[in-house]
There are 2 protein chains.
Amino acid sequence: MPPRKKPKVVEPSLPAASLYHLVVDTVTPELDGGRYPAKRVTGDVLRVGANVFKDGHELLSAHVLFKGPGDAEWSAEPMTYSPELDRWFASVALDRVGRWRYTVEGWTDRFGTWRSELKKKHDAGQDFELELREGSAMVREAMGRMRFGSLRATLEQTAAMIVADHDAPIDHRVHRALEEELALLMQRHHAPADVTRYSRELTLVVDRDRARTGAWYEFFPRSLGAGGRHGTFDDAAAFMPRVAGMGFDVVYLPPIHPIGTQFRKGRNNSLTPTKADVGSPWAIGSAEGGHDAIHPELGDDASFRRFVQRANELGIEVALDYALQCSPDHPWVREHPDWFHIRPDGSIQYAENPPKKYQDIFPINFWCEDRIALWNACRDVLLHWVQRGVRIFRVDNPHTKPSAFWEWVIREVQDRDPGVVFFAEAFTKPNKMQNLGKLGFTMSYTYFTWKNDPRELREYMEELTAGEMVEYYRGNLFTNTPDILNEYLVDGGVPAFRIRLVLAATLLPLYGIYSGYELAENVPVKPGSEEYMDSEKYELKSRDWNATPNITSDVVLLNRLRREEPALRAYGNLVFGESENSRVLCYVKQGLGAQGLGEWGTTHSRIGEVLEGAHIIVAVNCDPHGAQESTVTVPLEAMGMGADESYGVTDLLTGAHYTWRGARNYVRLDPAVQVAHVFRVERTAATTATATADPSLRSG
Amino acid sequence: MPPRKKPKVVEPSLPAASLYHLVVDTVTPELDGGRYPAKRVTGDVLRVGANVFKDGHELLSAHVLFKGPGDAEWSAEPMTYSPELDRWFASVALDRVGRWRYTVEGWTDRFGTWRSELKKKHDAGQDFELELREGSAMVREAMGRMRFGSLRATLEQTAAMIVADHDAPIDHRVHRALEEELALLMQRHHAPADVTRYSRELTLVVDRDRARTGAWYEFFPRSLGAGGRHGTFDDAAAFMPRVAGMGFDVVYLPPIHPIGTQFRKGRNNSLTPTKADVGSPWAIGSAEGGHDAIHPELGDDASFRRFVQRANELGIEVALDYALQCSPDHPWVREHPDWFHIRPDGSIQYAENPPKKYQDIFPINFWCEDRIALWNACRDVLLHWVQRGVRIFRVDNPHTKPSAFWEWVIREVQDRDPGVVFFAEAFTKPNKMQNLGKLGFTMSYTYFTWKNDPRELREYMEELTAGEMVEYYRGNLFTNTPDILNEYLVDGGVPAFRIRLVLAATLLPLYGIYSGYELAENVPVKPGSEEYMDSEKYELKSRDWNATPNITSDVVLLNRLRREEPALRAYGNLVFGESENSRVLCYVKQGLGAQGLGEWGTTHSRIGEVLEGAHIIVAVNCDPHGAQESTVTVPLEAMGMGADESYGVTDLLTGAHYTWRGARNYVRLDPAVQVAHVFRVERTAATTATATADPSLRSG
C-alpha cells in the first residue's frame, strides 16, 4: 500500500467531478449502487473486481481498501490486472463476523512506467540521459518522505549515481536505475500524485457459518408431554438426543410465550374453542406476559435455559420465533394502546383483510406517534432472548411489517452481536422477498415447496444460486411447515417425502423439516388445502416416532452425508446437468477442482466459498408414482473434468459403485426402491493430479 | 400529483434510513447506481420503471417526478402497476434537448384503500359504521387543505353526511362515500403522510435527432482543388451538391487549422518531407494560429462561414475534428509552455510510445499547475466553432486525454448549447470505450470495420443494441476511415465494398464512409497494413468521381431508403434472424407492430423510440467471392407476425417482389450481381388490421 496524500482541495472553477485522475468504477460485488450490502461468511474470501484505467500508456496500480469490524484504519490488498477481462481483482480473507467496508483505489505507477520506458529506450539504443534525470528526481522525491536511515541513504546514493554528473559508466548507471530492489523500494515509498478512489464505500455483511449451512428441525415443545400432558422445556431437553441423532444443527420452536385467551382459536382453526383448547402460539400475550415471557405450561426462565444448554451440549442451536403481533390480552395492549391502530370509537383495530377478520390478533402500528419507544421495545425483545443464548430468530411474516423497521432492528441487534441470524418467513412476491434479503435478513424461506416440477425447480434454483440473488439471499429449503403441506406430498405419499427430502438436503446447504415429516404425515384438513388435518398449530399432537411409514433413516443418512461431504455444505456450487427424461433431475455440487464459475474456478465458488472434497452428482426421480430411466448429461466441464474421462461414482445412499465415462450416463430409479442417486465422484490418481492442489482435502 | 408534505424531521434516536415508509428502488433506467446518465433523443418517451411496495394490503400510488431542462419545479407523471412484473411504470414524453432529471415517489393511497375495504364490507353485509367515521375524518383532513369555495363545501357536506349522526339512510351514506367524484377529489386533495422518494435523482441526456440518426461523409477539403491546386472552403462549398445528391446528412472534415512545419510528415508518413509537402492536418498549429484558426490555404473565417451556410442550405451539417494536441509550432507552445510536459532540460516532451517517437506532436499536460486556464482554453476552442455554426465535433483519440476533462468540457459546452454532438474516435478496449459513452460522448466509433464474420458481427451488434450499452453508447458504423482500410475490402474488392455499405447503412441509423469509398479505393501502403497507399493524410488527392469501379449509385440508393423507411432510422429495433448458411446474415429492423422488446412492443423500441413504417428484412451475403444460398429464419414473433402468415416482400434494392410464408424462406445472393436483399414487408390488409394502429404511418 503506497503512502497516501490527502485529496486535493477542490478549485472553485472546476467541479469536483473533474478532479478524478483515473476512472475507478463498476466495482463488484455491489448491490443497487451500494444501497444494500452483499453477504459472505467467515472463511470465505471477498473477491473484489473493478474497472481501473486512465488515458495513455502508463502502468497503473490498484488496491482494495477494506475495514473489518471495529477497524479504525483501512487495510489494503493489492489488485492484479486481468487482461482478458480488462479488470482488476483482489481477494480479501474474511476472518471476522460483522460489517465490513470496502472500496477501490487506483493510481499511476509512475516509477514503474518510467522504468519500463527506460528499458525500452536502452534496448533500442536511444538516448535516455533525460530519463535518468527524471528518474533521479523521483527517487529524491521518495527519499524526502523517509526517516533518516540506511534505506534513505541508499536512495540518496542511487539518485546521485544515475544522473550524468556522476562519473560512473553509463551501463552502471542504467543497471542501478533498473535494479529490482530499487523498484520495490520505490513502490513502497514513492507517493502517487493521482490516487483516485471509487465514489462509493460499500458494505459487506459477514456472518458466521451457521448463516449459510445447517439442517433445521421445527417442533412444538408442547406436543412432547407424555400421555397427552402439555409438554415442557424439560420434555424438549429430553427430546434433544433424538434430534441430535437425526443429525440436525438447529431446532426451531414456534412462539413460546403466553397465549391469548380472547378470540382464541380452537382445533382446526375453529372460532368456537372449548376451555381445554391450547390456542395458537402465534396469538402472543396474555395476563401472564408478552414477547419476553414464557408460557407457564412450557416452563420458566430456568427450564428454558436448561433446554438451551442441553441442545448446545449436543451441538444443536435453538432458534426462536419472532412474531410481532399481539393477542388482545398482550400487556402492550393495556400499557401502550397507542402502539396499535385506534378506531374512532376508541377500540383497537384487529387484523382483517375484508371481508376476513382475525380478531385474535392486533397488528402493531409501527408508525404511531410513540414509535421510538415501540421500536426500542421490539428490539429489546430480541436482546432479551439473545441474553438467554438464542442467536437465531425465525421472523414471522416480516413482509407485513415495515422494511425500514427490519433494516433498523437487525442492525441494532447485530451491532451488539453480529452473529445473530434472522430468518425471514415471507411468502409473497419475489421483489418483496428479495428486498427483505437485501435489507438485512440473513436467510429466507423460498418457493421450494411449490416447485415440484423438475424444470421449474431447476429454473428457480438457478435464480437463487447463479444470478445476483446469490450475493444477498440465502434460501433455506423447508420441505414442509405447519402452514404448508403441499399437494405433491399428499398425492405422492412416502416416495414423495423421500424425493423432497433428498432435494432439500442436497440442493442447498440450508434446509429443514417440520416435525412429522419423518412420519410422512400428509392428511390435509380438506382436499386441496395446504393446512394439516388436526393441525398442531391449534392442539397438542402426540406422535409415535417409531410408527410406520417412517423415513427417519433417510433423514439420518442425508444429514450424515451433509457433514461428511464439503460440497453439500456450499451454496454457490450448484450446477445442473441435462436429462433426457424430464421427470429426472440431475445436478452437481462442485468440490475441489470445479470450473466455470466466472472469474473463479478450482478453489472457490462464485461467492468466495472454499471448495473442497469430492464433486457430488445427484440424480433424482421426481415422479413418486413410478420408475423412470434417463440418460443424464453430467456438467463435466464445470467439474474441471475431461469430456472423455473415466471416473468412479459411489452412491452414498446405497454404497453401490459404478464406473462412468464422459458426460452421458444411464440411470434408472424406481421410487419404491430408491428415489435418487447421490454419487461421490472418485477420480483416478492420474486424472486428479492436475486438478487437485491438496489431495488431503478430499473426503472419502 | 398529490399535494406534498415536507419530509419529516429526523428524530435523533432513529436513523434516517428507518424513516422510509415504502420501499422505492431498482429504478430504471439507471447506470452504475446513477453515476452516469442514460441517453434519449427528443420525440422519444422515457419509460421509467420502479419497485414500489410496503407491508400489508393497502393500495399504493406512485409517480415519476421529472424536470426538463430549465424547469425549476418537478412535474409528475402517474405510474401504473404491472402485476406480471410487480413493478410500476410511467412514460415521460421528451420534448426538449438537454439534461433531464427524474426520480420516483410512492405513497399509500389511504382513501382508495379505505374505499375498497368499505365496499367489501358493504358487499359482505358487515358493519361499517366505524369505517364511515374514519372516511369522514379523511375527507375533513383534505378539506382543511383547500381554499374556501364550492369544492371545499362539497367535501364538508360529504364529511358530514356519511357519518351516523346524519339522518340520511345508510344506503345513501354509503353511496355518497363510494362516489367516483369523491375518489377523484380525494386523490387530488388528500395529502399522503408517507410519501417516500427514491434515494437518488437520476439524470437523462436528451439529444437532438441527429445524435442518433445520420449518414456521414468524411472528406479532405484540401483535395478538392482543380488541377492539383490546394482545395479551399469555396471548393468544398461547390462540392456540397454532390454530397447532398448522395444523400448524406453530415460532412466531417479533418482538422482545418494551420499545420505545423517542424517535423512535418511527408508523403506516406515519411520523416523526410519536401518543401511541397502539405503535412498532416492533425499536426495542429503554426505561426499562423492554433485550434481556433483556419489554415490559410483553405480560406478564412468568411469562406468557412460561406461553406457552412452552403452545406446547411442543402440540409447538410458540418462536423469538425477536435484533436487536442499541438505541433511544436502551435501558439500555445510559445505562450503556455507550462501546458505541456517539460523535461529536466527545459525542452517539451513530444509524443512517444518507446521506442516509437512522434516528434511532430506535443501532448498536452492536462494536470499541469495552470490547468484551469488550460481547460478553459480547450473549452473555448469548441465554443469558437459553435459560434460559427458547428454543432458536431468528431473528437480525435479521446482515450488519450483524461476522462475527467471530457466529462467537464462536454458539460460546459452542452450547458450553453445542449444540441452540440460529440463523436468519440476511440479505438481501444471495450471498458474504456464504454466509459467515454457513459461520461458524455454522444456517439462513438465502433469495432465494425473489424467485424466481417457474420457470427462476430451479429454478436457485436447485439451487444450494442440489446444490452445495457443501448442506454448510453451510440455506435456510428464507419465503413472506412483515413486510418482504416480493412483487409476485407482489400481482398474482396467491389463486392466487399457493396456488402459493407449495405451492412453499415442498414444495421444502425448512424453510419459513414470516408471519401474514396464510393470509388472502392483499396490499395494499402504495404500488404497487411490498414494504411492507404499515398494516404490523403499526408498529401492532396485528386479524384475522378466518375471513375470505375464506382458504387456511388449504391450509396445514393441506400441513403434514399434510409430517408424513406423509418425502421432504418431507429437504433434499438434490430433483431437477428437465423441463417442455415453461416456466410449469410439475416436481420430485421422492426417497424410498427413490433414485439418482444421487453416491457414495450408494438409502438416503441426498447429505448423509447417511436416505431413506425414497415418492417425491413435484410439478408446479406458476406462472402464477396461467390454466390451463397441459404434458408433464413425471419424473427416473425419480434415483428408481431403469425408463424404461418403470408406476406409480401419487396426488395428495395431491385424492386423485385416475392411472397413469403412463415419464418423460413430461401435466398440466393451472387455478389457479382447483388450482395443483399433489403426487403420491405408488406402485409395484407387483413393481417395488418390488428397490429397497425394507424396505417397512414406506414411508408411505401
# chains A, B, ... in the order shown; residues from 1 in each chain; ligands from 1
$ closest_atom_pairs --of "chain B" --to "chain A" --cutoff "8 Å" --atoms "only C-alpha atoms" --output "JSON lines"
{"residue": "B:Ser13", "atom": "CA", "partner": "A:Ile372", "partner_atom": "CA", "distance": 7.2}
{"residue": "B:Leu14", "atom": "CA", "partner": "A:Ile372", "partner_atom": "CA", "distance": 7.1}
{"residue": "B:Pro15", "atom": "CA", "partner": "A:Trp408", "partner_atom": "CA", "distance": 7.7}
{"residue": "B:Ala17", "atom": "CA", "partner": "A:Ala404", "partner_atom": "CA", "distance": 6.6}
{"residue": "B:Ser18", "atom": "CA", "partner": "A:Ala404", "partner_atom": "CA", "distance": 4.5}
{"residue": "B:Leu19", "atom": "CA", "partner": "A:Ala404", "partner_atom": "CA", "distance": 6.5}
{"residue": "B:Tyr20", "atom": "CA", "partner": "A:Ala404", "partner_atom": "CA", "distance": 6.0}
{"residue": "B:His21", "atom": "CA", "partner": "A:Ala404", "partner_atom": "CA", "distance": 6.8}
{"residue": "B:Leu22", "atom": "CA", "partner": "A:Ser403", "partner_atom": "CA", "distance": 7.4}
{"residue": "B:Val23", "atom": "CA", "partner": "A:Ser403", "partner_atom": "CA", "distance": 7.0}
{"residue": "B:Thr26", "atom": "CA", "partner": "A:Asp32", "partner_atom": "CA", "distance": 6.7}
{"residue": "B:Asp32", "atom": "CA", "partner": "A:Gly33", "partner_atom": "CA", "distance": 6.3}
{"residue": "B:Gly33", "atom": "CA", "partner": "A:Gly33", "partner_atom": "CA", "distance": 3.8}
{"residue": "B:Gly34", "atom": "CA", "partner": "A:Gly33", "partner_atom": "CA", "distance": 7.4}
{"residue": "B:Asn51", "atom": "CA", "partner": "A:Asn431", "partner_atom": "CA", "distance": 7.4}
{"residue": "B:Phe53", "atom": "CA", "partner": "A:Lys432", "partner_atom": "CA", "distance": 7.4}
{"residue": "B:Lys54", "atom": "CA", "partner": "A:Pro402", "partner_atom": "CA", "distance": 6.6}
{"residue": "B:Asp55", "atom": "CA", "partner": "A:Thr400", "partner_atom": "CA", "distance": 4.3}
{"residue": "B:Gly56", "atom": "CA", "partner": "A:Thr400", "partner_atom": "CA", "distance": 4.8}
{"residue": "B:His57", "atom": "CA", "partner": "A:Asn353", "partner_atom": "CA", "distance": 7.6}
{"residue": "B:Asp86", "atom": "CA", "partner": "A:Asn431", "partner_atom": "CA", "distance": 7.1}
{"residue": "B:Glu117", "atom": "CA", "partner": "A:Pro354", "partner_atom": "CA", "distance": 5.9}
{"residue": "B:Lys120", "atom": "CA", "partner": "A:Pro355", "partner_atom": "CA", "distance": 6.0}
{"residue": "B:Lys121", "atom": "CA", "partner": "A:Pro355", "partner_atom": "CA", "distance": 5.6}
{"residue": "B:Ala124", "atom": "CA", "partner": "A:Pro355", "partner_atom": "CA", "distance": 6.4}
{"residue": "B:Gln126", "atom": "CA", "partner": "A:Pro355", "partner_atom": "CA", "distance": 7.8}
{"residue": "B:Leu130", "atom": "CA", "partner": "A:Pro344", "partner_atom": "CA", "distance": 6.4}
{"residue": "B:Arg133", "atom": "CA", "partner": "A:Pro344", "partner_atom": "CA", "distance": 6.7}
{"residue": "B:Glu134", "atom": "CA", "partner": "A:Pro344", "partner_atom": "CA", "distance": 6.6}
{"residue": "B:Arg343", "atom": "CA", "partner": "A:Leu130", "partner_atom": "CA", "distance": 7.2}
{"residue": "B:Pro344", "atom": "CA", "partner": "A:Leu130", "partner_atom": "CA", "distance": 6.4}
{"residue": "B:Asp345", "atom": "CA", "partner": "A:Leu130", "partner_atom": "CA", "distance": 7.3}
{"residue": "B:Asn353", "atom": "CA", "partner": "A:His57", "partner_atom": "CA", "distance": 7.6}
{"residue": "B:Pro354", "atom": "CA", "partner": "A:Glu117", "partner_atom": "CA", "distance": 5.9}
{"residue": "B:Pro355", "atom": "CA", "partner": "A:Lys121", "partner_atom": "CA", "distance": 5.6}
{"residue": "B:Ile372", "atom": "CA", "partner": "A:Leu14", "partner_atom": "CA", "distance": 7.1}
{"residue": "B:His399", "atom": "CA", "partner": "A:Asp55", "partner_atom": "CA", "distance": 5.3}
{"residue": "B:Thr400", "atom": "CA", "partner": "A:Asp55", "partner_atom": "CA", "distance": 4.3}
{"residue": "B:Lys401", "atom": "CA", "partner": "A:Asp55", "partner_atom": "CA", "distance": 5.2}
{"residue": "B:Pro402", "atom": "CA", "partner": "A:Asp55", "partner_atom": "CA", "distance": 5.5}
{"residue": "B:Ser403", "atom": "CA", "partner": "A:Val23", "partner_atom": "CA", "distance": 7.0}
{"residue": "B:Ala404", "atom": "CA", "partner": "A:Ser18", "partner_atom": "CA", "distance": 4.5}
{"residue": "B:Phe405", "atom": "CA", "partner": "A:Ser18", "partner_atom": "CA", "distance": 6.1}
{"residue": "B:Glu407", "atom": "CA", "partner": "A:Ser18", "partner_atom": "CA", "distance": 7.0}
{"residue": "B:Trp408", "atom": "CA", "partner": "A:Ser18", "partner_atom": "CA", "distance": 5.8}
{"residue": "B:Lys429", "atom": "CA", "partner": "A:Asp86", "partner_atom": "CA", "distance": 7.7}
{"residue": "B:Asn431", "atom": "CA", "partner": "A:Asp86", "partner_atom": "CA", "distance": 7.2}
{"residue": "B:Lys432", "atom": "CA", "partner": "A:Phe53", "partner_atom": "CA", "distance": 7.4}
$ residues_around --residues "region 206-219 of chain A" --least-positions-apart "6" --cutoff "7 Å" --atoms "only C-alpha atoms" --output "ChimeraX atom specification"
/A:39-42,97-99,248-253,419,421,442-443,474,509-515,569
$ closest_residue --among "B:Thr654, B:Asn581, B:Thr659, B:Gln590" --to "Thr633 (chain B)" --atoms "only C-alpha atoms"
B:Asn581
$ select_by_dssp --residues "region 359-476 of chain B" --states "alpha helix (DSSP H)" --output "PyMOL selection string"
chain B and resi 371-387+403-416+430-439+454-466
$ residues_around --residues "Val523 (chain A)" --least-positions-apart "3" --cutoff "12 Å" --atoms "only C-alpha atoms" --output "list of chain:residue names"
A:Ile484, A:Leu485, A:Asn486, A:Glu487, A:Tyr488, A:Leu489, A:Val490, A:Asp491, A:Gly492, A:Gly493, A:Gly516, A:Tyr517, A:Leu519, A:Ala520, A:Lys526, A:Pro527, A:Gly528, A:Ser529, A:Glu530, A:Glu531, A:Tyr532, A:Met533, A:Asp534, A:Ser535
$ write_last_selection --atoms "N, CA, C and O atoms" --output "compact mmCIF listing (two decimals), in the first residue's frame"
# COMPACT_ATOMS: atom_id res chain seq x y z
N ILE A 484 -47.79 -25.38 5.59
CA ILE A 484 -47.67 -25.82 4.19
C ILE A 484 -47.47 -27.33 4.08
O ILE A 484 -46.38 -27.86 4.34
N LEU A 485 -48.55 -27.96 3.73
CA LEU A 485 -48.49 -29.38 3.35
C LEU A 485 -48.81 -29.40 1.86
O LEU A 485 -49.97 -29.25 1.47
N ASN A 486 -47.79 -29.54 1.04
CA ASN A 486 -48.02 -29.41 -0.39
C ASN A 486 -48.73 -30.63 -0.96
O ASN A 486 -48.53 -31.76 -0.52
N GLU A 487 -49.56 -30.38 -1.97
CA GLU A 487 -50.34 -31.42 -2.63
C GLU A 487 -49.47 -32.57 -3.13
O GLU A 487 -49.90 -33.72 -3.17
N TYR A 488 -48.23 -32.22 -3.53
CA TYR A 488 -47.31 -33.24 -4.03
C TYR A 488 -47.07 -34.32 -2.98
O TYR A 488 -46.97 -35.50 -3.28
N LEU A 489 -46.98 -33.89 -1.71
CA LEU A 489 -46.78 -34.84 -0.61
C LEU A 489 -48.06 -35.62 -0.32
O LEU A 489 -48.03 -36.81 -0.02
N VAL A 490 -49.18 -34.93 -0.43
CA VAL A 490 -50.48 -35.58 -0.20
C VAL A 490 -50.69 -36.67 -1.23
O VAL A 490 -51.05 -37.81 -0.93
N ASP A 491 -50.40 -36.30 -2.45
CA ASP A 491 -50.64 -37.19 -3.58
C ASP A 491 -49.59 -38.30 -3.70
O ASP A 491 -49.91 -39.42 -4.05
N GLY A 492 -48.34 -37.98 -3.39
CA GLY A 492 -47.24 -38.90 -3.69
C GLY A 492 -46.86 -39.82 -2.55
O GLY A 492 -46.07 -40.75 -2.75
N GLY A 493 -47.34 -39.55 -1.36
CA GLY A 493 -47.05 -40.44 -0.24
C GLY A 493 -45.57 -40.54 0.08
O GLY A 493 -44.79 -39.63 -0.21
N GLY A 516 -42.86 -34.48 12.08
CA GLY A 516 -43.92 -35.26 11.47
C GLY A 516 -43.60 -35.61 10.03
O GLY A 516 -44.15 -36.56 9.47
N TYR A 517 -42.66 -34.84 9.43
CA TYR A 517 -42.25 -35.16 8.06
C TYR A 517 -41.63 -36.54 8.02
O TYR A 517 -41.86 -37.31 7.08
N LEU A 519 -42.46 -38.94 9.56
CA LEU A 519 -43.51 -39.96 9.62
C LEU A 519 -44.45 -39.85 8.40
O LEU A 519 -45.49 -40.49 8.34
N ALA A 520 -44.02 -39.03 7.46
CA ALA A 520 -44.79 -38.86 6.21
C ALA A 520 -46.23 -38.45 6.48
O ALA A 520 -47.15 -38.87 5.78
N LYS A 526 -58.78 -30.45 4.43
CA LYS A 526 -59.79 -30.80 3.41
C LYS A 526 -59.08 -30.90 2.07
O LYS A 526 -57.98 -30.37 1.91
N PRO A 527 -59.67 -31.60 1.12
CA PRO A 527 -58.98 -31.80 -0.16
C PRO A 527 -58.56 -30.47 -0.77
O PRO A 527 -59.34 -29.51 -0.79
N GLY A 528 -57.31 -30.40 -1.23
CA GLY A 528 -56.82 -29.19 -1.88
C GLY A 528 -56.26 -28.16 -0.93
O GLY A 528 -55.66 -27.17 -1.35
N SER A 529 -56.45 -28.38 0.38
CA SER A 529 -55.93 -27.42 1.35
C SER A 529 -54.48 -27.73 1.66
O SER A 529 -54.05 -28.88 1.62
N GLU A 530 -53.69 -26.68 1.96
CA GLU A 530 -52.31 -26.90 2.40
C GLU A 530 -52.22 -26.98 3.92
O GLU A 530 -51.14 -27.13 4.47
N GLU A 531 -53.38 -26.85 4.61
CA GLU A 531 -53.40 -26.97 6.07
C GLU A 531 -53.49 -28.45 6.46
O GLU A 531 -54.18 -29.24 5.81
N TYR A 532 -52.78 -28.80 7.53
CA TYR A 532 -52.88 -30.16 8.04
C TYR A 532 -54.22 -30.39 8.73
O TYR A 532 -54.77 -29.49 9.37
N MET A 533 -54.73 -31.59 8.62
CA MET A 533 -55.84 -32.02 9.46
C MET A 533 -55.34 -32.06 10.90
O MET A 533 -54.21 -32.49 11.16
N ASP A 534 -56.17 -31.58 11.83
CA ASP A 534 -55.80 -31.57 13.25
C ASP A 534 -54.44 -30.89 13.45
O ASP A 534 -53.53 -31.42 14.10
N SER A 535 -54.35 -29.72 12.86
CA SER A 535 -53.07 -29.01 12.85
C SER A 535 -52.53 -28.76 14.24
O SER A 535 -53.25 -28.34 15.16
$ residues_around --residues "Leu298 (chain A)" --least-positions-apart "3" --cutoff "8 Å" --atoms "only C-alpha atoms" --output "list in words"
Pro221, Arg222, His230, Gly231, Thr232, Phe233, Ile256, Ile294 and His295 of chain A
$ decode --residues "region 28-46 of chain A" --atoms "N, CA and C atoms" --output "PDB file, in the first residue's frame"
ATOM      1  N   THR A  28     -17.359  -4.624  -8.136  1.00  0.00           N
ATOM      2  CA  THR A  28     -18.202  -5.770  -7.744  1.00  0.00           C
ATOM      3  C   THR A  28     -17.595  -6.430  -6.515  1.00  0.00           C
ATOM      4  N   PRO A  29     -18.383  -7.035  -5.619  1.00  0.00           N
ATOM      5  CA  PRO A  29     -19.839  -7.001  -5.640  1.00  0.00           C
ATOM      6  C   PRO A  29     -20.387  -5.648  -5.189  1.00  0.00           C
ATOM      7  N   GLU A  30     -21.472  -5.267  -5.836  1.00  0.00           N
ATOM      8  CA  GLU A  30     -22.180  -4.056  -5.432  1.00  0.00           C
ATOM      9  C   GLU A  30     -23.652  -4.271  -5.745  1.00  0.00           C
ATOM     10  N   LEU A  31     -24.516  -4.004  -4.778  1.00  0.00           N
ATOM     11  CA  LEU A  31     -25.957  -4.193  -4.991  1.00  0.00           C
ATOM     12  C   LEU A  31     -26.657  -2.846  -5.043  1.00  0.00           C
ATOM     13  N   ASP A  32     -27.419  -2.629  -6.102  1.00  0.00           N
ATOM     14  CA  ASP A  32     -28.236  -1.414  -6.234  1.00  0.00           C
ATOM     15  C   ASP A  32     -27.432  -0.160  -5.911  1.00  0.00           C
ATOM     16  N   GLY A  33     -26.296  -0.027  -6.598  1.00  0.00           N
ATOM     17  CA  GLY A  33     -25.491   1.179  -6.412  1.00  0.00           C
ATOM     18  C   GLY A  33     -25.004   1.363  -4.989  1.00  0.00           C
ATOM     19  N   GLY A  34     -24.776   0.265  -4.289  1.00  0.00           N
ATOM     20  CA  GLY A  34     -24.233   0.362  -2.936  1.00  0.00           C
ATOM     21  C   GLY A  34     -25.290   0.534  -1.860  1.00  0.00           C
ATOM     22  N   ARG A  35     -26.548   0.556  -2.238  1.00  0.00           N
ATOM     23  CA  ARG A  35     -27.612   0.762  -1.255  1.00  0.00           C
ATOM     24  C   ARG A  35     -27.687  -0.397  -0.257  1.00  0.00           C
ATOM     25  N   TYR A  36     -27.425  -1.621  -0.739  1.00  0.00           N
ATOM     26  CA  TYR A  36     -27.543  -2.793   0.117  1.00  0.00           C
ATOM     27  C   TYR A  36     -26.219  -3.563   0.163  1.00  0.00           C
ATOM     28  N   PRO A  37     -25.932  -4.225   1.272  1.00  0.00           N
ATOM     29  CA  PRO A  37     -24.687  -4.986   1.360  1.00  0.00           C
ATOM     30  C   PRO A  37     -24.810  -6.381   0.744  1.00  0.00           C
ATOM     31  N   ALA A  38     -23.709  -6.890   0.194  1.00  0.00           N
ATOM     32  CA  ALA A  38     -23.627  -8.306  -0.161  1.00  0.00           C
ATOM     33  C   ALA A  38     -23.321  -9.085   1.118  1.00  0.00           C
ATOM     34  N   LYS A  39     -23.429 -10.408   1.025  1.00  0.00           N
ATOM     35  CA  LYS A  39     -23.231 -11.249   2.207  1.00  0.00           C
ATOM     36  C   LYS A  39     -22.166 -12.317   1.956  1.00  0.00           C
ATOM     37  N   ARG A  40     -21.408 -12.621   2.982  1.00  0.00           N
ATOM     38  CA  ARG A  40     -20.465 -13.722   2.978  1.00  0.00           C
ATOM     39  C   ARG A  40     -20.485 -14.349   4.370  1.00  0.00           C
ATOM     40  N   VAL A  41     -19.698 -15.434   4.545  1.00  0.00           N
ATOM     41  CA  VAL A  41     -19.492 -15.939   5.910  1.00  0.00           C
ATOM     42  C   VAL A  41     -17.991 -15.999   6.183  1.00  0.00           C
ATOM     43  N   THR A  42     -17.642 -16.106   7.437  1.00  0.00           N
ATOM     44  CA  THR A  42     -16.217 -16.175   7.784  1.00  0.00           C
ATOM     45  C   THR A  42     -15.596 -17.394   7.115  1.00  0.00           C
ATOM     46  N   GLY A  43     -14.356 -17.238   6.698  1.00  0.00           N
ATOM     47  CA  GLY A  43     -13.677 -18.308   5.977  1.00  0.00           C
ATOM     48  C   GLY A  43     -13.749 -18.109   4.474  1.00  0.00           C
ATOM     49  N   ASP A  44     -14.754 -17.359   4.003  1.00  0.00           N
ATOM     50  CA  ASP A  44     -14.818 -17.019   2.576  1.00  0.00           C
ATOM     51  C   ASP A  44     -13.729 -16.005   2.246  1.00  0.00           C
ATOM     52  N   VAL A  45     -13.489 -15.840   0.982  1.00  0.00           N
ATOM     53  CA  VAL A  45     -12.755 -14.657   0.556  1.00  0.00           C
ATOM     54  C   VAL A  45     -13.729 -13.761  -0.187  1.00  0.00           C
ATOM     55  N   LEU A  46     -13.499 -12.459  -0.042  1.00  0.00           N
ATOM     56  CA  LEU A  46     -14.275 -11.498  -0.822  1.00  0.00           C
ATOM     57  C   LEU A  46     -13.456 -11.169  -2.055  1.00  0.00           C
TER      58      LEU A  46
END
